[in-house]
$ cat coords01.txt   # compact mmCIF, C-alpha atoms and all ligand atoms
# COMPACT_ATOMS: atom_id res chain seq x y z
CA MET A 1 -13.12 27.04 -10.99
CA LEU A 2 -11.46 27.25 -14.40
CA ALA A 3 -8.84 29.62 -13.04
CA VAL A 4 -7.56 26.86 -10.77
CA ARG A 5 -6.34 24.92 -13.80
CA ALA A 6 -5.04 27.90 -15.76
CA ILE A 7 -1.52 27.54 -17.15
CA HIS A 8 0.52 30.61 -16.30
CA ILE A 9 2.22 32.38 -19.22
CA LYS A 10 5.43 33.85 -17.84
CA SER A 11 6.47 37.48 -18.31
CA GLU A 12 9.97 38.28 -19.60
CA GLU A 13 11.00 38.99 -16.03
CA GLU A 14 9.66 35.67 -14.78
CA ILE A 15 11.35 33.80 -17.64
CA GLU A 16 14.65 35.42 -16.68
CA GLY A 17 14.10 34.41 -13.04
CA VAL A 18 13.47 30.76 -13.92
CA ARG A 19 16.41 30.86 -16.35
CA GLN A 20 18.81 31.94 -13.61
CA ALA A 21 17.43 29.35 -11.16
CA SER A 22 17.71 26.68 -13.86
CA LEU A 23 21.34 27.58 -14.59
CA LEU A 24 22.10 27.16 -10.90
CA ALA A 25 20.18 23.85 -10.88
CA ALA A 26 22.32 22.58 -13.77
CA ARG A 27 25.54 23.63 -12.02
CA THR A 28 24.41 22.02 -8.79
CA LEU A 29 23.55 18.75 -10.48
CA LYS A 30 26.90 18.65 -12.29
CA MET A 31 28.71 19.24 -9.00
CA ALA A 32 26.67 16.52 -7.25
CA GLY A 33 27.14 14.02 -10.07
CA ALA A 34 30.92 14.37 -9.79
CA LEU A 35 30.67 13.06 -6.21
CA VAL A 36 29.07 9.78 -7.24
CA LYS A 37 31.36 6.81 -6.60
CA PRO A 38 31.35 3.61 -4.53
CA GLY A 39 31.57 4.32 -0.79
CA VAL A 40 29.88 7.74 -0.88
CA SER A 41 26.68 8.09 1.18
CA THR A 42 23.64 9.91 -0.14
CA GLU A 43 23.86 12.14 2.95
CA GLU A 44 27.26 13.36 1.71
CA ILE A 45 25.57 14.32 -1.57
CA ASN A 46 22.82 16.07 0.40
CA ARG A 47 25.37 18.08 2.40
CA ALA A 48 27.22 19.14 -0.73
CA VAL A 49 24.01 20.20 -2.52
CA HIS A 50 22.79 22.10 0.53
CA GLU A 51 26.05 24.05 0.89
CA PHE A 52 26.50 24.71 -2.84
CA THR A 53 22.94 26.03 -3.05
CA HIS A 54 23.42 28.40 -0.11
CA ASP A 55 26.86 29.50 -1.32
CA HIS A 56 25.12 30.65 -4.52
CA GLY A 57 22.49 32.71 -2.73
CA ALA A 58 19.68 30.20 -3.14
CA ILE A 59 17.55 27.88 -1.00
CA SER A 60 16.99 24.14 -1.51
CA ALA A 61 13.28 23.94 -2.31
CA PRO A 62 12.92 20.25 -1.32
CA LEU A 63 13.91 20.95 2.30
CA ASN A 64 10.70 21.04 4.38
CA TYR A 65 8.56 20.87 1.23
CA GLY A 66 5.19 19.23 0.82
CA ALA A 67 3.84 18.64 4.33
CA ASP A 68 0.19 17.57 4.29
CA PRO A 69 -0.99 17.15 7.89
CA ASP A 70 -4.46 16.03 6.76
CA ARG A 71 -2.95 13.03 5.00
CA GLY A 72 -0.21 12.51 7.58
CA VAL A 73 2.56 13.48 5.14
CA PRO A 74 5.61 14.97 6.89
CA PRO A 75 7.69 17.69 5.22
CA PHE A 76 10.51 16.37 3.01
CA PRO A 77 13.46 16.30 5.44
CA LYS A 78 16.49 16.89 3.13
CA SER A 79 17.79 19.33 0.49
CA VAL A 80 17.91 16.93 -2.48
CA CYS A 81 16.23 13.70 -3.59
CA THR A 82 18.57 10.72 -4.03
CA SER A 83 16.82 7.69 -5.54
CA VAL A 84 18.91 4.50 -5.65
CA ASN A 85 18.13 1.38 -7.77
CA ASP A 86 14.46 0.41 -7.22
CA VAL A 87 13.63 3.83 -5.77
CA ILE A 88 11.70 5.68 -8.49
CA CYS A 89 11.75 9.17 -6.96
CA HIS A 90 11.72 11.19 -3.72
CA GLY A 91 14.45 9.08 -2.09
CA ILE A 92 15.61 10.60 1.22
CA PRO A 93 19.40 10.99 1.65
CA SER A 94 20.85 9.08 4.58
CA LYS A 95 24.25 8.29 6.12
CA SER A 96 23.39 4.60 6.00
CA ASP A 97 22.58 4.73 2.28
CA VAL A 98 26.06 4.08 0.87
CA LEU A 99 26.54 3.81 -2.90
CA LYS A 100 28.19 0.64 -4.18
CA GLU A 101 29.61 -0.51 -7.51
CA GLY A 102 26.81 -1.43 -9.92
CA ASP A 103 24.15 0.85 -8.37
CA ILE A 104 22.31 3.61 -10.18
CA VAL A 105 21.32 6.82 -8.41
CA ASN A 106 19.06 9.64 -9.54
CA ILE A 107 19.96 13.01 -8.05
CA ASP A 108 17.16 15.60 -8.28
CA VAL A 109 17.96 19.22 -7.39
CA THR A 110 15.64 22.23 -7.16
CA PRO A 111 17.19 25.52 -6.05
CA ARG A 112 14.95 28.53 -5.39
CA LEU A 113 16.83 31.66 -6.45
CA ASN A 114 15.29 35.13 -5.99
CA GLY A 115 11.89 33.47 -5.63
CA PHE A 116 12.14 31.32 -8.79
CA HIS A 117 12.67 27.55 -9.16
CA GLY A 118 14.77 25.43 -11.52
CA ASP A 119 14.32 21.64 -11.41
CA THR A 120 16.59 19.00 -12.95
CA SER A 121 17.73 15.43 -12.36
CA ARG A 122 19.88 12.72 -13.87
CA THR A 123 20.52 9.07 -13.16
CA PHE A 124 24.21 8.41 -12.56
CA LEU A 125 26.01 5.06 -12.79
CA VAL A 126 28.07 3.99 -9.78
CA GLY A 127 31.19 2.43 -11.31
CA GLU A 128 30.44 -0.35 -13.76
CA VAL A 129 26.81 -1.44 -14.04
CA ALA A 130 25.23 -4.49 -15.72
CA PRO A 131 24.55 -4.03 -19.47
CA GLU A 132 20.76 -4.23 -19.04
CA VAL A 133 20.93 -1.51 -16.40
CA GLN A 134 23.04 0.73 -18.61
CA LYS A 135 20.47 0.18 -21.37
CA LEU A 136 17.63 1.24 -19.06
CA VAL A 137 19.45 4.46 -18.19
CA GLU A 138 20.27 5.25 -21.84
CA VAL A 139 16.71 4.64 -23.01
CA THR A 140 15.33 6.78 -20.17
CA LEU A 141 17.49 9.70 -21.33
CA THR A 142 16.20 9.12 -24.88
CA CYS A 143 12.64 9.22 -23.48
CA LEU A 144 13.30 12.68 -22.04
CA LEU A 145 14.94 13.97 -25.23
CA ARG A 146 12.13 12.67 -27.47
CA GLY A 147 9.58 14.23 -25.15
CA ILE A 148 11.41 17.56 -25.36
CA GLU A 149 11.44 17.44 -29.19
CA VAL A 150 7.63 17.62 -29.15
CA VAL A 151 7.64 20.99 -27.34
CA ARG A 152 6.64 23.91 -29.55
CA PRO A 153 3.71 26.35 -29.71
CA ASN A 154 0.40 24.63 -30.51
CA ALA A 155 1.61 21.10 -29.74
CA ARG A 156 -0.75 19.28 -27.39
CA ILE A 157 0.54 18.34 -23.96
CA ARG A 158 -0.49 14.71 -24.46
CA GLU A 159 1.89 14.38 -27.45
CA ILE A 160 4.82 14.51 -25.01
CA GLY A 161 3.64 11.33 -23.29
CA VAL A 162 2.88 9.67 -26.60
CA ALA A 163 6.48 10.27 -27.73
CA ILE A 164 7.93 8.95 -24.45
CA GLN A 165 5.76 5.82 -24.41
CA LYS A 166 6.83 5.09 -27.99
CA VAL A 167 10.49 5.00 -26.95
CA ALA A 168 10.01 2.86 -23.82
CA GLU A 169 7.45 0.34 -25.07
CA PRO A 170 9.62 -1.75 -27.47
CA PHE A 171 11.94 -2.52 -24.54
CA GLY A 172 9.05 -3.72 -22.35
CA TYR A 173 9.79 -1.00 -19.79
CA GLY A 174 7.10 0.41 -17.50
CA VAL A 175 6.38 4.16 -17.75
CA VAL A 176 5.43 5.50 -14.31
CA ARG A 177 1.99 7.15 -14.23
CA GLU A 178 1.46 8.41 -10.69
CA TYR A 179 4.23 11.03 -10.87
CA VAL A 180 4.33 13.56 -13.69
CA GLY A 181 6.14 16.64 -14.97
CA HIS A 182 4.80 20.00 -13.84
CA GLY A 183 4.63 23.71 -14.46
CA ILE A 184 7.27 25.61 -12.50
CA GLY A 185 8.05 29.24 -11.72
CA ARG A 186 7.48 31.12 -8.49
CA ARG A 187 5.94 27.85 -7.35
CA PHE A 188 7.81 24.52 -7.29
CA HIS A 189 4.81 22.64 -8.71
CA GLU A 190 2.04 24.36 -10.68
CA GLU A 191 -0.22 23.73 -13.67
CA PRO A 192 0.00 21.98 -16.05
CA GLN A 193 0.69 18.36 -15.17
CA ILE A 194 2.80 16.69 -17.86
CA PRO A 195 2.08 12.94 -18.10
CA HIS A 196 4.88 10.75 -19.48
CA TYR A 197 2.36 8.30 -20.98
CA PRO A 198 -0.48 9.08 -23.44
CA GLY A 199 -2.83 10.92 -21.07
CA LYS A 200 -5.98 12.98 -21.55
CA GLU A 201 -4.44 16.48 -21.42
CA ASN A 202 -5.58 17.99 -24.69
CA ARG A 203 -4.56 21.59 -24.03
CA ARG A 204 -2.01 23.17 -26.33
CA LEU A 205 1.36 24.67 -25.50
CA LEU A 206 1.91 28.41 -25.84
CA PRO A 207 5.07 30.56 -25.80
CA GLY A 208 6.00 31.58 -22.26
CA MET A 209 4.90 28.35 -20.60
CA ILE A 210 7.58 26.71 -18.45
CA PHE A 211 7.36 23.14 -17.18
CA THR A 212 9.42 20.07 -16.45
CA ILE A 213 9.52 16.77 -18.29
CA GLU A 214 10.84 14.03 -16.01
CA PRO A 215 10.09 10.48 -17.18
CA MET A 216 10.52 7.67 -14.64
CA ILE A 217 11.09 4.38 -16.46
CA ASN A 218 11.05 0.96 -14.77
CA LEU A 219 12.86 -2.19 -15.90
CA GLY A 220 9.66 -4.05 -14.91
CA SER A 221 6.07 -3.00 -14.31
CA HIS A 222 5.02 0.67 -14.16
CA GLU A 223 3.44 0.18 -10.75
CA THR A 224 4.69 2.05 -7.70
CA LYS A 225 4.53 1.73 -3.93
CA LEU A 226 4.95 4.52 -1.40
CA ASP A 227 7.01 3.85 1.74
CA PRO A 228 4.44 3.77 4.56
CA VAL A 229 7.02 4.72 7.20
CA ASP A 230 8.73 7.81 5.77
CA GLY A 231 5.76 8.87 3.60
CA TRP A 232 8.03 9.93 0.70
CA THR A 233 10.18 7.19 -0.85
CA VAL A 234 8.53 5.82 -4.00
CA ARG A 235 9.70 2.36 -5.11
CA THR A 236 8.80 0.04 -7.97
CA ALA A 237 6.06 -2.34 -6.83
CA ASP A 238 7.96 -5.35 -8.24
CA GLY A 239 11.43 -4.35 -6.96
CA SER A 240 12.80 -3.73 -10.47
CA LEU A 241 15.24 -0.89 -11.14
CA SER A 242 14.04 2.56 -12.17
CA ALA A 243 15.78 5.48 -13.93
CA GLN A 244 14.80 9.14 -14.41
CA PHE A 245 16.01 12.30 -16.15
CA GLU A 246 14.46 15.76 -15.77
CA HIS A 247 14.80 19.14 -17.46
CA THR A 248 13.02 22.49 -17.07
CA ILE A 249 11.73 23.62 -20.49
CA LEU A 250 10.58 27.01 -21.81
CA VAL A 251 8.17 27.12 -24.77
CA THR A 252 9.55 29.74 -27.18
CA GLU A 253 7.96 31.36 -30.28
CA THR A 254 9.62 28.77 -32.52
CA GLY A 255 10.08 25.71 -30.31
CA HIS A 256 11.68 25.33 -26.91
CA ASP A 257 14.67 26.15 -24.76
CA VAL A 258 16.02 23.59 -22.29
CA LEU A 259 16.79 25.95 -19.41
CA THR A 260 18.67 23.30 -17.37
CA ASP A 261 20.80 22.11 -20.32
CA TRP A 262 24.44 21.56 -19.36
CA LYS A 263 25.48 23.27 -22.62
CA TYR A 264 24.75 26.57 -20.87
CA ILE A 265 27.26 25.87 -18.10
CA GLU A 266 30.13 24.35 -20.06
CA GLY A 267 33.09 26.07 -21.67
N1 LIG B 301 12.19 17.56 -7.62
C1 LIG B 301 11.02 16.73 -7.60
C2 LIG B 301 10.31 16.97 -8.91
O1 LIG B 301 10.93 16.80 -9.89
C3 LIG B 301 10.10 17.01 -6.46
C4 LIG B 301 10.69 16.67 -5.16
S1 LIG B 301 9.57 17.08 -3.94
C5 LIG B 301 10.45 16.71 -2.55
O2 LIG B 301 9.20 17.41 -9.02
F1 LIG B 301 9.78 17.18 -1.58
F2 LIG B 301 10.60 15.39 -2.51
F3 LIG B 301 11.62 17.26 -2.63
CO CO B 302 10.12 18.22 -11.19
CO CO B 303 12.94 17.37 -9.78
$ encode --input "coords01.txt" --output "structure tokens" --more "lines below"
Ligand code: MF3
Ligand code: CO
Ligand code: CO
Amino acid sequence: MLAVRAIHIKSEEEIEGVRQASLLAARTLKMAGALVKPGVSTEEINRAVHEFTHDHGAISAPLNYGADPDRGVPPFPKSVCTSVNDVICHGIPSKSDVLKEGDIVNIDVTPRLNGFHGDTSRTFLVGEVAPEVQKLVEVTLTCLLRGIEVVRPNARIREIGVAIQKVAEPFGYGVVREYVGHGIGRRFHEEPQIPHYPGKENRRLLPGMIFTIEPMINLGSHETKLDPVDGWTVRTADGSLSAQFEHTILVTETGHDVLTDWKYIEG
């Protein structure tokens, strides 16, 4: 049974595959973020992501992902996750979900290119937002960046969550526990799980591992509730706002490489 939990060390060829998918993910997210403004529906963002992905020879991995008939979970019905305000993650784009001034929206894209995945998200501000909301979004980005700084050979996976918790705690924010970062490659989600709080994962990182870090930080309690009707939308239990940022990270011989970093697509 040990093999079930094994963390795959990627070959050079696999690393190159995830790198190319991650570059496309970064480009897609930048394109989608530029659409964010009051009056735009999340379905318009979905359409744009779907077309951009296909125009670049890739497939949107979220579309039809994750069906679990035994638990009554339907496949995810859209090409991107759009999570507005109190939605933590896995928000389903809809024509009736129209962005308005003061909202925040996380856009989470995952193209599959030549059989490899790249996964990245950001929370965007819709026009001007309240100062405490802007603070939440800024601190959530800091959580991701501090988590990434931990990544190097021999670091323990649990140190990532320790670093993130340390950033969020002084603000009284809740760090979501039920949803975690994940290994990624030929599969969308694989070992290891990457908790964003101090968890029990004592295994060490090795060069050639690729995974996401994607902290979800709530203005209130860390608790979540799953929408019983659509089976996907995850909201804060107390209705408070939630922000998230996600990158796909390669462990290198000396540290890490943020494969979905926008620095690789600028200039
Ligand atoms: N992109 C999400 C993640 O970061 C997963 C979305 S699964 C979907 O892991 F089915 F909702 F698309
Ligand atoms: Co992810
Ligand atoms: Co994602």
$ residues_around --input "coords01.txt" --residues "range 19-23 of chain A" --least-positions-apart "2" --cutoff "9 Å" --atoms "all atoms listed in the file" --output "ChimeraX atom specification"
/A:14-17,25-28,58,110-120,247-248,250,259-262,264-265
$ residues_near_point --input "coords01.txt" --point "(19.7, -1.2, -23.9)" --cutoff "12 Å" --atoms "only C-alpha atoms" --output "list of chain:residue names"
A:Ala130, A:Pro131, A:Glu132, A:Val133, A:Gln134, A:Lys135, A:Leu136, A:Val137, A:Glu138, A:Val139, A:Thr140, A:Leu141, A:Thr142, A:Val167, A:Ala168, A:Pro170, A:Phe171, A:Gly172, A:Tyr173, A:Leu219
$ write_last_selection --input "coords01.txt" --atoms "C-alpha atoms" --output "mmCIF file, in the coordinates of the input"
data_model
loop_
_atom_site.group_PDB
_atom_site.id
_atom_site.type_symbol
_atom_site.label_atom_id
_atom_site.label_comp_id
_atom_site.auth_asym_id
_atom_site.auth_seq_id
_atom_site.Cartn_x
_atom_site.Cartn_y
_atom_site.Cartn_z
ATOM 1 C CA ALA A 130 25.230 -4.490 -15.720
ATOM 2 C CA PRO A 131 24.550 -4.030 -19.470
ATOM 3 C CA GLU A 132 20.760 -4.230 -19.040
ATOM 4 C CA VAL A 133 20.930 -1.510 -16.400
ATOM 5 C CA GLN A 134 23.040 0.730 -18.610
ATOM 6 C CA LYS A 135 20.470 0.180 -21.370
ATOM 7 C CA LEU A 136 17.630 1.240 -19.060
ATOM 8 C CA VAL A 137 19.450 4.460 -18.190
ATOM 9 C CA GLU A 138 20.270 5.250 -21.840
ATOM 10 C CA VAL A 139 16.710 4.640 -23.010
ATOM 11 C CA THR A 140 15.330 6.780 -20.170
ATOM 12 C CA LEU A 141 17.490 9.700 -21.330
ATOM 13 C CA THR A 142 16.200 9.120 -24.880
ATOM 14 C CA VAL A 167 10.490 5.000 -26.950
ATOM 15 C CA ALA A 168 10.010 2.860 -23.820
ATOM 16 C CA PRO A 170 9.620 -1.750 -27.470
ATOM 17 C CA PHE A 171 11.940 -2.520 -24.540
ATOM 18 C CA GLY A 172 9.050 -3.720 -22.350
ATOM 19 C CA TYR A 173 9.790 -1.000 -19.790
ATOM 20 C CA LEU A 219 12.860 -2.190 -15.900
#
$ closest_atom_pairs --input "coords01.txt" --of "chain A" --to "ligand CO 302 (chain B)" --cutoff "9 Å" --atoms "only C-alpha atoms and all ligand atoms" --output "tab-separated table"
residue	atom	partner	partner_atom	distance
A:Asp108	CA	B:CO302	CO	8.1
A:Val109	CA	B:CO302	CO	8.8
A:Thr110	CA	B:CO302	CO	7.9
A:Gly118	CA	B:CO302	CO	8.6
A:Asp119	CA	B:CO302	CO	5.4
A:Thr120	CA	B:CO302	CO	6.8
A:Ser121	CA	B:CO302	CO	8.2
A:Val180	CA	B:CO302	CO	7.8
A:Gly181	CA	B:CO302	CO	5.7
A:His182	CA	B:CO302	CO	6.2
A:Gly183	CA	B:CO302	CO	8.4
A:Ile184	CA	B:CO302	CO	8.0
A:Phe188	CA	B:CO302	CO	7.8
A:His189	CA	B:CO302	CO	7.3
A:Phe211	CA	B:CO302	CO	8.2
A:Thr212	CA	B:CO302	CO	5.6
A:Ile213	CA	B:CO302	CO	7.3
A:Glu214	CA	B:CO302	CO	6.4
A:Glu246	CA	B:CO302	CO	6.8
A:His247	CA	B:CO302	CO	7.9
A:Thr248	CA	B:CO302	CO	7.8
$ write_last_selection --input "coords01.txt" --atoms "C-alpha atoms" --output "PDB file, in the frame of the given file"
ATOM      1  CA  ASP A 108      17.160  15.600  -8.280  1.00  0.00           C
ATOM      2  CA  VAL A 109      17.960  19.220  -7.390  1.00  0.00           C
ATOM      3  CA  THR A 110      15.640  22.230  -7.160  1.00  0.00           C
ATOM      4  CA  GLY A 118      14.770  25.430 -11.520  1.00  0.00           C
ATOM      5  CA  ASP A 119      14.320  21.640 -11.410  1.00  0.00           C
ATOM      6  CA  THR A 120      16.590  19.000 -12.950  1.00  0.00           C
ATOM      7  CA  SER A 121      17.730  15.430 -12.360  1.00  0.00           C
ATOM      8  CA  VAL A 180       4.330  13.560 -13.690  1.00  0.00           C
ATOM      9  CA  GLY A 181       6.140  16.640 -14.970  1.00  0.00           C
ATOM     10  CA  HIS A 182       4.800  20.000 -13.840  1.00  0.00           C
ATOM     11  CA  GLY A 183       4.630  23.710 -14.460  1.00  0.00           C
ATOM     12  CA  ILE A 184       7.270  25.610 -12.500  1.00  0.00           C
ATOM     13  CA  PHE A 188       7.810  24.520  -7.290  1.00  0.00           C
ATOM     14  CA  HIS A 189       4.810  22.640  -8.710  1.00  0.00           C
ATOM     15  CA  PHE A 211       7.360  23.140 -17.180  1.00  0.00           C
ATOM     16  CA  THR A 212       9.420  20.070 -16.450  1.00  0.00           C
ATOM     17  CA  ILE A 213       9.520  16.770 -18.290  1.00  0.00           C
ATOM     18  CA  GLU A 214      10.840  14.030 -16.010  1.00  0.00           C
ATOM     19  CA  GLU A 246      14.460  15.760 -15.770  1.00  0.00           C
ATOM     20  CA  HIS A 247      14.800  19.140 -17.460  1.00  0.00           C
ATOM     21  CA  THR A 248      13.020  22.490 -17.070  1.00  0.00           C
TER      22      THR A 248
END
$ closest_residue --input "coords01.txt" --among "A:Ala237, A:Val73, A:Ile107, A:Ile249" --to "ligand CO 303 (chain B)" --atoms "all atoms listed in the file"
A:Ile107
$ atom_distance --input "coords01.txt" --atom1 "atom F2 of ligand LIG 301 (chain B)" --atom2 "CA of His8 in chain A"
22.9 Å
$ closest_residue --input "coords01.txt" --among "A:Lys95, A:His50, A:Arg235, A:His222" --to "Glu169 in chain A" --atoms "all atoms listed in the file"
A:His222
$ residues_around --input "coords01.txt" --residues "range 37-45 of chain A" --least-positions-apart "6" --cutoff "7 Å" --atoms "all atoms listed in the file" --output "PyMOL selection string"
chain A and resi 82+93-101+126-127
$ atom_distance --input "coords01.txt" --atom1 "CA of Asp55 in chain A" --atom2 "CA of Leu29 in chain A"
14.5 Å
$ residues_near_point --input "coords01.txt" --point "(-0.4, 17.9, -25.1)" --cutoff "12 Å" --atoms "all atoms listed in the file" --output "JSON list (two decimals) with C-alpha atoms, keeping the file's coordinate frame"
[["chain", "number", "residue", "atom", "x", "y", "z"],
["A", 147, "GLY", "CA", 9.58, 14.23, -25.15],
["A", 148, "ILE", "CA", 11.41, 17.56, -25.36],
["A", 150, "VAL", "CA", 7.63, 17.62, -29.15],
["A", 151, "VAL", "CA", 7.64, 20.99, -27.34],
["A", 152, "ARG", "CA", 6.64, 23.91, -29.55],
["A", 153, "PRO", "CA", 3.71, 26.35, -29.71],
["A", 154, "ASN", "CA", 0.40, 24.63, -30.51],
["A", 155, "ALA", "CA", 1.61, 21.10, -29.74],
["A", 156, "ARG", "CA", -0.75, 19.28, -27.39],
["A", 157, "ILE", "CA", 0.54, 18.34, -23.96],
["A", 158, "ARG", "CA", -0.49, 14.71, -24.46],
["A", 159, "GLU", "CA", 1.89, 14.38, -27.45],
["A", 160, "ILE", "CA", 4.82, 14.51, -25.01],
["A", 161, "GLY", "CA", 3.64, 11.33, -23.29],
["A", 162, "VAL", "CA", 2.88, 9.67, -26.60],
["A", 163, "ALA", "CA", 6.48, 10.27, -27.73],
["A", 192, "PRO", "CA", 0.00, 21.98, -16.05],
["A", 193, "GLN", "CA", 0.69, 18.36, -15.17],
["A", 194, "ILE", "CA", 2.80, 16.69, -17.86],
["A", 195, "PRO", "CA", 2.08, 12.94, -18.10],
["A", 196, "HIS", "CA", 4.88, 10.75, -19.48],
["A", 197, "TYR", "CA", 2.36, 8.30, -20.98],
["A", 198, "PRO", "CA", -0.48, 9.08, -23.44],
["A", 199, "GLY", "CA", -2.83, 10.92, -21.07],
["A", 200, "LYS", "CA", -5.98, 12.98, -21.55],
["A", 201, "GLU", "CA", -4.44, 16.48, -21.42],
["A", 202, "ASN", "CA", -5.58, 17.99, -24.69],
["A", 203, "ARG", "CA", -4.56, 21.59, -24.03],
["A", 204, "ARG", "CA", -2.01, 23.17, -26.33],
["A", 205, "LEU", "CA", 1.36, 24.67, -25.50],
["A", 206, "LEU", "CA", 1.91, 28.41, -25.84]]
$ atom_distance --input "coords01.txt" --atom1 "CA of Val234 in chain A" --atom2 "CA of Val84 in chain A"
10.6 Å
$ closest_residue --input "coords01.txt" --among "A:Asn218, A:Thr224, A:Gln165, A:Ser60" --to "ligand CO 303 (chain B)" --atoms "all atoms listed in the file"
A:Ser60
$ closest_residue --input "coords01.txt" --among "A:Cys81, A:Val176, A:Ala48, A:Ala6" --to "ligand LIG 301 (chain B)" --atoms "all atoms listed in the file"
A:Cys81
$ closest_residue --input "coords01.txt" --among "A:Val129, A:Leu24, A:Ile92, A:Leu241" --to "ligand LIG 301 (chain B)" --atoms "all atoms listed in the file"
A:Ile92
$ axis_aligned_box --input "coords01.txt" --around "ligand LIG 301 (chain B)" --padding-each-side "8 Å" --output "JSON"
{"center_x": 10.7, "center_y": 16.5, "center_z": -5.7, "size_x": 19.0, "size_y": 18.2, "size_z": 24.3}
$ closest_residue --input "coords01.txt" --among "A:Glu128, A:Gln244, A:Trp232, A:Pro69" --to "Asn85 in chain A" --atoms "all atoms listed in the file"
A:Gln244
